[in-house]
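Heads up, the thing below is written out as structure tokens.
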Amino acid sequence: MEPIRTIHVGLGAWGSNWATSVLAGHPEVDVLAYVDRDSATVARMQQRLGLPPERFFPSLEAAMAAVDAEAVIVALPIALHAPIAWQALEAGKHVVVEKPFTENLQEARDLVALAEARGLVLAVSQNYRFYPAPQMAAQLTRGAYLGRLASVNVDFRRNAFAERSSNLKIPHPLLRDMAIHHYDLMRLVIGEDPVEVSARTWNPPGSPYEMHPAGAMVFSFPSGVHVSYRGSWVDFGPQTPWGGDWKMDFEKGSITWTSRGDQPWPMKRDTVQIRRPNATMEEVALPEMRFHDRAGTLAAFAQAIRTGTEPLHFPSGRNNVMTLAIAEAALQSSLNGGAPVRLDSL
Ligand SMILES: NC(=O)c1ccc[n+]([C@@H]2O[C@H](COP(=O)([O-])OP(=O)(O)OC[C@H]3O[C@@H](n4cnc5c(N)ncnc54)[C@H](O)[C@@H]3O)[C@@H](O)[C@H]2O)c1
């Protein structure tokens with residue numbers, strides 16, 4: 001497959017990691033130009049990547065005028081996702097944008113409509129989809145391996161002090177910025193979209209965060225499945241991998257899984273275990289994945305562009321509107337003291 005000719009926009013904390021660890025050497029993508037408006041950041045990245053200054057631009061507009069790209073990767077702060085993705089789509093480029101998709105649902109719906117009107121691929125990099133454990137959990141659930149699913153418990157525990165996290169001032173660090181990965185994984189593994197969410201959040205004493213970094217949520221799904229979720233960025237207990245610890249209870253047993261460990265071996269923490277009454281625990285063998293995390297997003301993006309068909313688990317913009325809606329519903333609920341919010345009200 002011919003590599004996709006791209007422009008990469010955003011060389012900040014995460015965007016630079018895209019450039020050095022994901023894009024460099026990805027066989028299905030060629031980066032023709034890098035964009036960042038900050039000249040010091042650009043100078044640093046020129047050196048790190050060992051590339052000539054002609055490959056760097058201060059704006060997407062300048063880069064699009066200079067190189068013949070087919071696609072744009074948007075790794076910018078959330079407020080810029082919609083305007084920059086819009087500019088790229090209007091110029092006829094396919095787009096992959098970092099999570100969370102946009103600041104609000106209307107922006108996301110408008111981008112999806114624009115991409116579809118122009119026949120362009122629009123994707124959101126929900127990189128946690130591209131790990132073996134959630135994909136295996138989805139397969140076992142959909143195949144009713146242990147019968148019908150009844151309920152799911154998810155725990156996410158990290159510690160911002162230990163992480164030396166730079167997200168202390170970010171709006172809604174748990175409900176919008178982090179748990180959006182877990183909302184998206186719920187949809188993937190359960191194979192349904194929730195109908196209702198209630199959320200309570202808090203800021204623990206001593207927390208360095210401006211907005212609530214911890215909370216508990218309940219999600220109701222149309223088949224009667226309930227998910228209970230506990231998450232915290234200021235937890236001193238045993239830390240979970242980024243994907244969280246999951247327990248899925250079925251008619252005939254349970255599946256526990258976890259996913260996305262720390263660098264440099266993020267896949268080593270992916271495990272799936274099956275427990276049935278009066279039986280020894282079964283460790284499920286997980287398949288090797290050629291591309292994982294953002295490399296998986298890019299491979300799926302390239303396939304959708306080149307074949308015109310979305311591969312399995314493809315995080316299209318259209319699909320991602322529901323993930324964003326869950327974040328919106330959770331925020332509304334937490335602002336109203338945990339009152340349930342129906343997804344069809346948004
Ligand atoms: N999927 C994940 O696991 C994950 C992890 C971390 C961050 N992210 C996401 O990545 C995105 C980027 O995060 P970050 O930490 O790199 O942000 P950041 O604030 O560190 O960097 C933003 C960069 O964009 C540049 N910039 C700002 N406006 C610009 C413009 N108009 N044109 C060109 N460049 C411009 C800035 O100079 C800066 O270098 C966010 O959406 C964040 O949610 C995702």
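Within each chain, counting starts at residue 1; across the structure tokens, chains are named A, B, ... in the order shown, with ligands numbered 1 upward in that order.
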
Neighbour list for Gln239 (chain A) as a count of residues only, cut-off 10 Å, only C-alpha atoms, skip fewer than 6 positions in-chain
8

Using only C-alpha atoms, which residues sit within 12 Å of Ala144 (chain A) once same-chain residues fewer than 2 positions away are excluded, as a PyMOL selection string?
chain A and resi 137-142+146-150+189-191+249-255

Any chance you can output those residues with C-alpha atoms as a PDB file, in the first residue's frame?
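Final file, out31.pdb:
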```pdb
ATOM      1  CA  ALA A 137     -12.749  -8.914  25.550  1.00  0.00           C
ATOM      2  CA  ALA A 138     -14.954  -7.551  22.737  1.00  0.00           C
ATOM      3  CA  GLN A 139     -14.621 -10.814  20.799  1.00  0.00           C
ATOM      4  CA  LEU A 140     -15.487 -12.985  23.823  1.00  0.00           C
ATOM      5  CA  THR A 141     -18.460 -10.770  24.756  1.00  0.00           C
ATOM      6  CA  ARG A 142     -19.887 -10.629  21.258  1.00  0.00           C
ATOM      7  CA  LEU A 146     -19.770 -17.045  28.904  1.00  0.00           C
ATOM      8  CA  GLY A 147     -23.399 -16.306  28.061  1.00  0.00           C
ATOM      9  CA  ARG A 148     -25.050 -12.933  28.437  1.00  0.00           C
ATOM     10  CA  LEU A 149     -23.215 -10.011  30.001  1.00  0.00           C
ATOM     11  CA  ALA A 150     -24.755  -8.655  33.232  1.00  0.00           C
ATOM     12  CA  VAL A 189     -16.151  -4.344  24.553  1.00  0.00           C
ATOM     13  CA  ILE A 190     -19.905  -4.304  25.252  1.00  0.00           C
ATOM     14  CA  GLY A 191     -20.879  -3.676  21.635  1.00  0.00           C
ATOM     15  CA  ASP A 249     -19.644 -10.555  34.878  1.00  0.00           C
ATOM     16  CA  PHE A 250     -21.547 -12.919  32.591  1.00  0.00           C
ATOM     17  CA  GLU A 251     -24.158 -15.645  33.131  1.00  0.00           C
ATOM     18  CA  LYS A 252     -21.529 -18.383  33.377  1.00  0.00           C
ATOM     19  CA  GLY A 253     -18.421 -16.678  34.715  1.00  0.00           C
ATOM     20  CA  SER A 254     -16.342 -13.540  34.560  1.00  0.00           C
ATOM     21  CA  ILE A 255     -13.646 -12.017  32.388  1.00  0.00           C
TER      22      ILE A 255
END
```

All residues having an atom within 7 Å of ligand 1 (only C-alpha atoms and all ligand atoms) as a short mmCIF file (atom, residue, chain, number, x, y, z; two decimals) with N, CA, C and O atoms, in the first residue's frame:
```cif
data_model
loop_
_atom_site.label_atom_id
_atom_site.label_comp_id
_atom_site.auth_asym_id
_atom_site.auth_seq_id
_atom_site.Cartn_x
_atom_site.Cartn_y
_atom_site.Cartn_z
N VAL A 9 0.42 18.22 12.59
CA VAL A 9 0.25 19.53 13.23
C VAL A 9 0.26 19.40 14.75
O VAL A 9 -0.57 18.68 15.31
N GLY A 10 1.20 20.10 15.39
CA GLY A 10 1.27 20.08 16.86
C GLY A 10 2.48 19.30 17.31
O GLY A 10 2.54 18.07 17.14
N LEU A 11 3.48 20.00 17.87
CA LEU A 11 4.72 19.35 18.33
C LEU A 11 4.92 19.61 19.82
O LEU A 11 6.05 19.80 20.29
N GLY A 12 3.82 19.65 20.58
CA GLY A 12 3.90 19.86 22.03
C GLY A 12 4.25 18.57 22.74
O GLY A 12 4.88 17.67 22.17
N ALA A 13 3.82 18.44 23.99
CA ALA A 13 4.20 17.30 24.81
C ALA A 13 3.85 15.98 24.13
O ALA A 13 4.68 15.07 24.01
N TRP A 14 2.62 15.86 23.66
CA TRP A 14 2.16 14.61 23.06
C TRP A 14 2.43 14.59 21.56
O TRP A 14 2.80 13.57 20.98
N GLY A 15 2.25 15.75 20.95
CA GLY A 15 2.46 15.84 19.49
C GLY A 15 3.91 15.52 19.12
O GLY A 15 4.16 14.93 18.06
N SER A 16 4.88 15.89 19.97
CA SER A 16 6.28 15.58 19.66
C SER A 16 6.51 14.07 19.79
O SER A 16 7.29 13.48 19.06
N VAL A 35 4.10 20.98 11.58
CA VAL A 35 3.61 22.34 11.85
C VAL A 35 3.57 22.58 13.36
O VAL A 35 3.04 21.75 14.12
N ASP A 36 4.12 23.71 13.78
CA ASP A 36 3.88 24.21 15.13
C ASP A 36 4.12 25.72 15.07
O ASP A 36 5.06 26.17 14.41
N ARG A 37 3.26 26.44 15.79
CA ARG A 37 3.38 27.91 15.69
C ARG A 37 4.53 28.45 16.56
O ARG A 37 4.92 29.60 16.41
N ASP A 38 5.07 27.61 17.44
CA ASP A 38 6.10 28.07 18.37
C ASP A 38 7.50 27.79 17.79
O ASP A 38 7.86 26.63 17.59
N THR A 41 9.91 25.53 19.78
CA THR A 41 9.50 24.11 19.68
C THR A 41 9.95 23.54 18.34
O THR A 41 10.48 22.42 18.27
N PRO A 58 4.96 27.28 10.27
CA PRO A 58 4.31 27.85 11.46
C PRO A 58 2.78 27.70 11.43
O PRO A 58 2.13 27.97 12.43
N SER A 59 2.22 27.32 10.28
CA SER A 59 0.76 27.16 10.22
C SER A 59 0.40 26.05 9.24
O SER A 59 1.17 25.74 8.31
N LEU A 60 -0.79 25.50 9.43
CA LEU A 60 -1.27 24.46 8.52
C LEU A 60 -1.43 25.03 7.11
O LEU A 60 -1.10 24.37 6.12
N ALA A 75 -2.64 17.11 16.39
CA ALA A 75 -2.27 16.81 17.80
C ALA A 75 -2.10 18.13 18.52
O ALA A 75 -1.00 18.51 18.92
N LEU A 76 -3.22 18.84 18.65
CA LEU A 76 -3.25 20.18 19.26
C LEU A 76 -4.15 20.14 20.48
O LEU A 76 -4.93 19.20 20.65
N PRO A 77 -4.10 21.19 21.33
CA PRO A 77 -5.05 21.25 22.45
C PRO A 77 -6.49 21.23 21.92
O PRO A 77 -6.77 21.69 20.80
N ILE A 78 -7.41 20.73 22.74
CA ILE A 78 -8.77 20.45 22.29
C ILE A 78 -9.47 21.64 21.61
O ILE A 78 -10.19 21.45 20.63
N LEU A 80 -8.47 23.66 19.61
CA LEU A 80 -8.05 23.84 18.21
C LEU A 80 -8.44 22.65 17.33
O LEU A 80 -8.23 22.69 16.11
N GLU A 98 -6.60 14.08 17.47
CA GLU A 98 -6.44 13.49 18.81
C GLU A 98 -7.77 13.52 19.58
O GLU A 98 -8.68 14.27 19.25
N LYS A 99 -7.86 12.71 20.63
CA LYS A 99 -9.00 12.76 21.52
C LYS A 99 -8.82 13.93 22.48
O LYS A 99 -7.67 14.34 22.68
N PRO A 100 -9.81 14.47 23.17
CA PRO A 100 -11.23 14.31 22.83
C PRO A 100 -11.51 15.01 21.50
O PRO A 100 -10.93 16.04 21.20
N SER A 125 -8.23 9.70 17.15
CA SER A 125 -7.25 8.72 17.63
C SER A 125 -7.60 8.22 19.03
O SER A 125 -7.02 8.66 20.02
N GLN A 126 -8.55 7.30 19.07
CA GLN A 126 -8.84 6.58 20.33
C GLN A 126 -7.87 5.41 20.36
O GLN A 126 -8.21 4.26 20.10
N ASN A 127 -6.63 5.75 20.73
CA ASN A 127 -5.53 4.79 20.60
C ASN A 127 -5.67 3.57 21.50
O ASN A 127 -5.09 2.52 21.23
N ASP A 177 -11.02 14.45 29.91
CA ASP A 177 -9.73 14.20 29.27
C ASP A 177 -9.30 12.73 29.34
O ASP A 177 -8.80 12.20 28.35
#
```

Any idea what's packed within 9 Å of Ala299 (chain A), counting only C-alpha atoms, ignoring anything in its chain fewer than 4 positions away? Could you give it as a compact mmCIF listing (two decimals) with N, CA and C atoms, in the first residue's frame?
```txt
# COMPACT_ATOMS: atom_id res chain seq x y z
N HIS A 26 6.85 4.67 10.58
CA HIS A 26 5.58 3.96 10.29
C HIS A 26 5.50 3.70 8.78
N PRO A 27 5.35 2.43 8.38
CA PRO A 27 5.45 2.13 6.95
C PRO A 27 4.27 2.64 6.12
N GLU A 28 3.17 2.98 6.77
CA GLU A 28 2.00 3.36 5.98
C GLU A 28 1.74 4.86 5.93
N VAL A 29 2.68 5.61 6.49
CA VAL A 29 2.53 7.06 6.52
C VAL A 29 3.85 7.74 6.19
N PHE A 291 0.50 -3.43 14.66
CA PHE A 291 0.52 -2.02 15.05
C PHE A 291 -0.34 -1.84 16.28
N ARG A 294 -1.21 4.44 18.87
CA ARG A 294 -1.43 5.38 17.76
C ARG A 294 -0.98 4.82 16.43
N ALA A 295 -0.01 3.91 16.45
CA ALA A 295 0.39 3.26 15.19
C ALA A 295 -0.78 2.45 14.65
N GLN A 303 -5.72 2.34 5.93
CA GLN A 303 -6.55 1.31 5.27
C GLN A 303 -7.89 1.90 4.82
N ALA A 304 -8.49 2.72 5.68
CA ALA A 304 -9.79 3.32 5.33
C ALA A 304 -9.63 4.23 4.10
```

Extract, using only C-alpha atoms, all DNA, RNA and protein residues at most 12 Å from Gln263 (chain A), discarding same-chain residues fewer than 2 positions from it, and format them as a list of chain:residue names.
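Result of the neighbour search: A:Asn17, A:Ser21, A:Pro241, A:Trp242, A:Arg260, A:Gly261, A:Trp265, A:Pro266, A:Met267, A:Lys268, A:Arg269, A:Asp293.
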
Nearest to Arg129 (chain A), chosen from A:Ser259, A:Ser333, A:Thr6, A:Ser228, with only C-alpha atoms counted in the distances:
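Of the candidates, the smallest distance to Arg129 (chain A) is held by A:Ser259.
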
Which residue of A:Ala79, A:Ala63, A:Ala71, A:Asp193 approaches Asn319 (chain A) most closely, using only C-alpha atoms
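Closest to Asn319 (chain A) of all the choices is A:Asp193.
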
Please provide the set of residues having any atom within 9 Å of Asp30 (chain A), restricted to only C-alpha atoms, with same-chain residues fewer than 4 positions apart removed, written as a ChimeraX atom specification.
/A:3-7,23-26

Rounded to one decimal in Å, what is the spacing between CA of Ile180 (chain A) and CA of Tyr34 (chain A)?
27.0 Å

Please identify every residue of region 64-173 of chain A that has at least one atom no farther than 8 Å from an atom of region 323-326 of chain A, counting only C-alpha atoms, and for each give the shortest atom pair and the distance in Å to one decimal, arranged by chain then increasing number, as JSON lines.
```
{"residue": "A:Pro100", "atom": "CA", "partner": "A:Leu324", "partner_atom": "CA", "distance": 7.0}
{"residue": "A:Phe101", "atom": "CA", "partner": "A:Leu324", "partner_atom": "CA", "distance": 6.9}
{"residue": "A:Thr102", "atom": "CA", "partner": "A:Leu324", "partner_atom": "CA", "distance": 7.9}
{"residue": "A:Asn104", "atom": "CA", "partner": "A:Leu324", "partner_atom": "CA", "distance": 7.9}
{"residue": "A:Leu105", "atom": "CA", "partner": "A:Ala325", "partner_atom": "CA", "distance": 6.6}
```

Step one, run DSSP on the backbone; step two, keep only residues of region 108-345 of chain A assigned to helix (DSSP H, G or I); then write them as a PyMOL selection string.
chain A and resi 108-118+127-129+132-142+160-163+173-190+266-269+293-307+317-335+343-345

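When only C-alpha atoms are used to compute distances to Ala162 (chain A), the closest of the residues A:Glu210, A:Glu288, A:Glu90, A:Asp235 turns out to be A:Asp235.
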
Within 9 Å of Glu196 (chain A), counting only C-alpha atoms, which residues qualify if same-chain residues fewer than 6 places away don't, as a list in words?
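The filter keeps Val218, Phe219, Ser220, Phe221, Ile326, Ala329, Pro340, Val341, Arg342, Leu343 and Asp344 of chain A.
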
Could you pull the residues within 6 Å of Val97 (chain A), counting only C-alpha atoms, minus those fewer than 2 positions along the same chain, as a PyMOL selection string?
chain A and resi 73-74+124-125

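Distances from A:Val152, A:Leu335, A:Ala123, A:Met289 to Val225 (chain A) were compared using only C-alpha atoms, and the smallest one belongs to A:Val152.
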
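Selecting strand (DSSP E) from the backbone DSSP output for region 165-229 of chain A yields Glu196, Val197, Ser198, Ala199, Arg200, Thr201, Trp202, Ala214, Gly215, Ala216, Met217, Val218, Phe219, Ser220, His226, Val227, Ser228 and Tyr229 of chain A.
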
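Nearest to Arg44 (chain A) of all the residues A:Leu111, A:Val321, A:Thr20, A:Pro132 is A:Thr20, based on only C-alpha atoms.
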
CA of His172 (chain A) and CA of Val121 (chain A), how far apart in Å?
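Going from CA of Val121 (chain A) over to CA of His172 (chain A), I get 28.9 Å.
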